Amino acid sequence: GKGELTLMKNFPSFITENSNKQQVRDYLKAISKSNKVQKPQFHAVISTKFQEHSKEDLTRISADFMTQMGYGQQPYIAVFHKDTENNHIHLVSTRVDKQTGKKIDDSYEKLKAQKALTQVMENRYGINEEEKLNQLLKYKIGSFQQLKTLLNRNGYQLTENTNDGKSLTISKNGIVQRRISADQIVYSNQDSEKRIRQIRAIFSKYRQLYSNKVFRVEDYRKQEAILPEDKHKDNWKPEIKFESELQKKLRGVFGIDIVFHHNDDQMPFGYTLIDHKTARVHKGSEIMKMGELFEFTSAAMDKRVFEQLKDYGIPNVETKSVLLKYLTEKYPENKLSDFMLFENKKLK
């Protein structure tokens with residue numbers, strides 16, 4: 001989609017916000033040619049969850065980020081996009097230093113970028129990953145796999161040390177957040193019968209009110225973003241998640257997060273239930289059998305379409321019916337069904 005230029009830093013006076021894209025490109029290329037550097041273009045994307053941060057927020061974050069990365073004095077542009085579910089900003093510069101003509105060190109660039117962004121967010125908003133992780137590690141879990149699912153759902157990766165199998169590493173976006181011993185994990189299999197009865201009652205009521213039909217959401221964006229020379233490789237697969245209106249409602253109203261487990265592109269074979277209200281993780285089948293709670297369909301949807309549909313306010317069945325008719329006529333290739341549109345009270 002079309003982006004909006006929100007920042008233009010360190011360009012000569014003859015290049016302004018009114019200059020066309022080609023003039024900007026030509027200037028960056030001219031600087032880059034002064035040194036025989038392979039892949040001289042610097043390109044980064046900073047994305048926020050949904051519309052959590054505005055255009056202005058992301059622009060300020062971007063300026064801080066470029067300074068942290070050592071590009072604060074380089075010519076760069078920031079272009080804001082809101083054409084997907086998540087507001088995001090593209091940053092483009094050159095890896096050739098404008099002053100010296102030498103290459104800016106890009107070793108471990110991805111790692112540096114994650115550290116830089118973490119630092120920017122902590123400085124600006126006081127978002128402390130350590131405190132967030134402390135809260136998650138207090139959740140009651142019944143198995144190692146449940147801990148892994150809980151952390152993964154919150155953007156963390158948990159890996160075992162292959163040498164001894166006793167030490168564990170928790171990382172986020174490639175940055176190690178913490179190392180813990182497997183002996184430190186406390187497992188608890190004592191579930192609150194009262195809470196389980198409550199959840200079963202919620203399931204029984206809400207599966208009648210909201211669609212429990214599950215469909216596949218396929219995300220091809222990682223593959224589309226890779227370099228042209230790598231496109232021919234066959235080792236990529238779309239990221240697949242399974243969604244339903246019932247899941248969304250349980251998550252939003254009750255803090256009950258349903259995480260399906262599946263192999264590759266196969267149908268789910270089970271689910272984990274994360275109860276944020278009581279900070280407890282359950283094996284789903286111990287609450288209610290997956291087949292009783294959900295109905296699985298062969299329907300599939302592209303992740304981009306899924307994100308765009310969330311933007312529609314659908315307060316009732318009548319609105320859903322009208323919207324489905326319109327979308328089916330306009331975009332027949334999406335093969336939408338009514339259960340793929342979720343009711344919500346959002347106002348556009």
# chains A, B, ... in the order shown; residues from 1 in each chain; ligands from 1
>>> residues_around(residues="A:Lys36", least_positions_apart="2", cutoff="12 Å", atoms="only C-alpha atoms", output="VMD selection string")
chain A and resid 29 to 34 38 to 40 95 to 96 101 to 103
>>> residues_around(residues="stretch 205-217 of chain A", least_positions_apart="2", cutoff="9 Å", atoms="only C-alpha atoms", output="number ranges by chain")
A: 200-203, 219, 239-247, 249-250, 265, 267, 293-303, 306, 339-340, 342-343
>>> write_last_selection(atoms="C-alpha atoms", output="compact mmCIF listing (two decimals), in the first residue's frame")
# COMPACT_ATOMS: atom_id res chain seq x y z
CA ARG A 200 -16.39 -25.37 31.20
CA ALA A 201 -19.52 -23.30 31.82
CA ILE A 202 -18.04 -20.43 29.77
CA PHE A 203 -17.23 -22.86 26.92
CA ASP A 219 1.11 -16.09 6.30
CA GLU A 239 3.44 -19.71 8.85
CA ILE A 240 0.13 -21.35 9.74
CA LYS A 241 -2.23 -20.57 12.60
CA PHE A 242 -5.76 -21.76 13.27
CA GLU A 243 -8.41 -19.22 14.21
CA SER A 244 -12.10 -18.96 15.08
CA GLU A 245 -14.53 -16.35 16.32
CA LEU A 246 -14.96 -18.28 19.58
CA GLN A 247 -11.22 -18.11 20.32
CA LYS A 249 -14.14 -13.84 22.12
CA LEU A 250 -12.69 -16.07 24.87
CA ASP A 265 0.08 -27.91 7.58
CA MET A 267 -5.04 -30.24 11.26
CA LEU A 293 -15.45 -27.42 21.70
CA PHE A 294 -14.43 -26.77 18.08
CA GLU A 295 -15.48 -27.78 14.58
CA PHE A 296 -12.58 -27.90 12.11
CA THR A 297 -13.07 -26.85 8.50
CA SER A 298 -10.88 -27.04 5.40
CA ALA A 299 -11.29 -23.27 4.81
CA ALA A 300 -8.15 -21.15 4.53
CA MET A 301 -7.43 -17.42 4.43
CA ASP A 302 -4.38 -15.31 3.64
CA LYS A 303 -3.01 -13.53 6.74
CA PHE A 306 -7.49 -11.83 7.92
CA PHE A 339 -17.73 -17.87 10.13
CA MET A 340 -14.55 -16.15 8.89
CA PHE A 342 -15.91 -12.05 13.52
CA GLU A 343 -18.57 -10.01 15.28
>>> atom_distance(atom1="atom CA of A:Ala279", atom2="atom CA of A:Gln146")
12.4 Å
>>> select_by_dssp(residues="stretch 71-287 of chain A", states="alpha helix (DSSP H)", output="PyMOL selection string")
chain A and resi 109-125+129-136+144-153+193-209+221-225+245-254
>>> atom_distance(atom1="atom CA of A:Gln41", atom2="atom CA of A:Lys98")
12.9 Å
>>> residues_around(residues="A:Leu133", least_positions_apart="2", cutoff="12 Å", atoms="only C-alpha atoms", output="PDB file with C-alpha atoms, in the first residue's frame")
ATOM      1  CA  ILE A 127       8.801  -1.229  28.791  1.00  0.00           C
ATOM      2  CA  ASN A 128      10.911  -3.645  30.763  1.00  0.00           C
ATOM      3  CA  GLU A 129      11.298  -7.098  29.229  1.00  0.00           C
ATOM      4  CA  GLU A 130      12.743  -8.423  32.480  1.00  0.00           C
ATOM      5  CA  GLU A 131       9.631  -7.564  34.475  1.00  0.00           C
ATOM      6  CA  GLN A 135       5.403 -12.279  35.459  1.00  0.00           C
ATOM      7  CA  LEU A 136       5.217 -15.080  32.878  1.00  0.00           C
ATOM      8  CA  LEU A 137       7.600 -17.292  34.858  1.00  0.00           C
ATOM      9  CA  LYS A 138       5.201 -17.062  37.828  1.00  0.00           C
ATOM     10  CA  TYR A 139       2.430 -18.818  35.852  1.00  0.00           C
ATOM     11  CA  LEU A 147       6.078 -23.368  29.629  1.00  0.00           C
ATOM     12  CA  LEU A 150       3.309 -19.839  27.189  1.00  0.00           C
ATOM     13  CA  LEU A 151       6.609 -18.121  26.387  1.00  0.00           C
ATOM     14  CA  ASN A 152       6.237 -18.637  22.642  1.00  0.00           C
ATOM     15  CA  ASN A 154       4.370 -13.970  24.204  1.00  0.00           C
ATOM     16  CA  GLY A 155       7.190 -13.720  21.662  1.00  0.00           C
ATOM     17  CA  TYR A 156       9.896 -15.636  23.553  1.00  0.00           C
ATOM     18  CA  GLN A 157      11.814 -18.741  22.505  1.00  0.00           C
ATOM     19  CA  LEU A 158      12.829 -21.386  25.059  1.00  0.00           C
ATOM     20  CA  ILE A 170      15.045 -17.724  27.007  1.00  0.00           C
ATOM     21  CA  SER A 171      15.479 -15.370  24.059  1.00  0.00           C
ATOM     22  CA  LYS A 172      13.404 -12.844  22.144  1.00  0.00           C
ATOM     23  CA  GLN A 177      16.937 -12.494  27.856  1.00  0.00           C
ATOM     24  CA  ARG A 178      17.775 -15.021  30.548  1.00  0.00           C
ATOM     25  CA  ARG A 179      19.453 -18.335  31.288  1.00  0.00           C
TER      26      ARG A 179
END
>>> closest_residue(among="A:Pro75, A:Leu28, A:Lys148, A:Ile89", to="A:Leu58", atoms="only C-alpha atoms")
A:Ile89
>>> residues_around(residues="A:Asn344", least_positions_apart="5", cutoff="8 Å", atoms="only C-alpha atoms", output="list of chain:residue names")
A:Gly313, A:Ile314, A:Pro315, A:Asn316
>>> atom_distance(atom1="atom CA of A:His43", atom2="atom CA of A:Lys55")
18.5 Å
>>> closest_residue(among="A:Tyr271, A:Phe14, A:Tyr71, A:Phe80", to="A:Thr48", atoms="only C-alpha atoms")
A:Phe80
>>> select_by_dssp(residues="stretch 9-194 of chain A", states="strand (DSSP E)", output="ChimeraX atom specification")
/A:9,41-47,76-81,88-94,157-160,167-172,175-181
>>> residues_around(residues="A:Gln114", least_positions_apart="3", cutoff="8 Å", atoms="only C-alpha atoms", output="number ranges by chain")
A: 110-111, 117-118, 173-175
>>> closest_residue(among="A:Met8, A:Ala116, A:Leu91, A:Met66", to="A:Val45", atoms="only C-alpha atoms")
A:Leu91
>>> closest_residue(among="A:Ser54, A:Ser188, A:Thr319, A:Ser204", to="A:Lys289", atoms="only C-alpha atoms")
A:Ser204
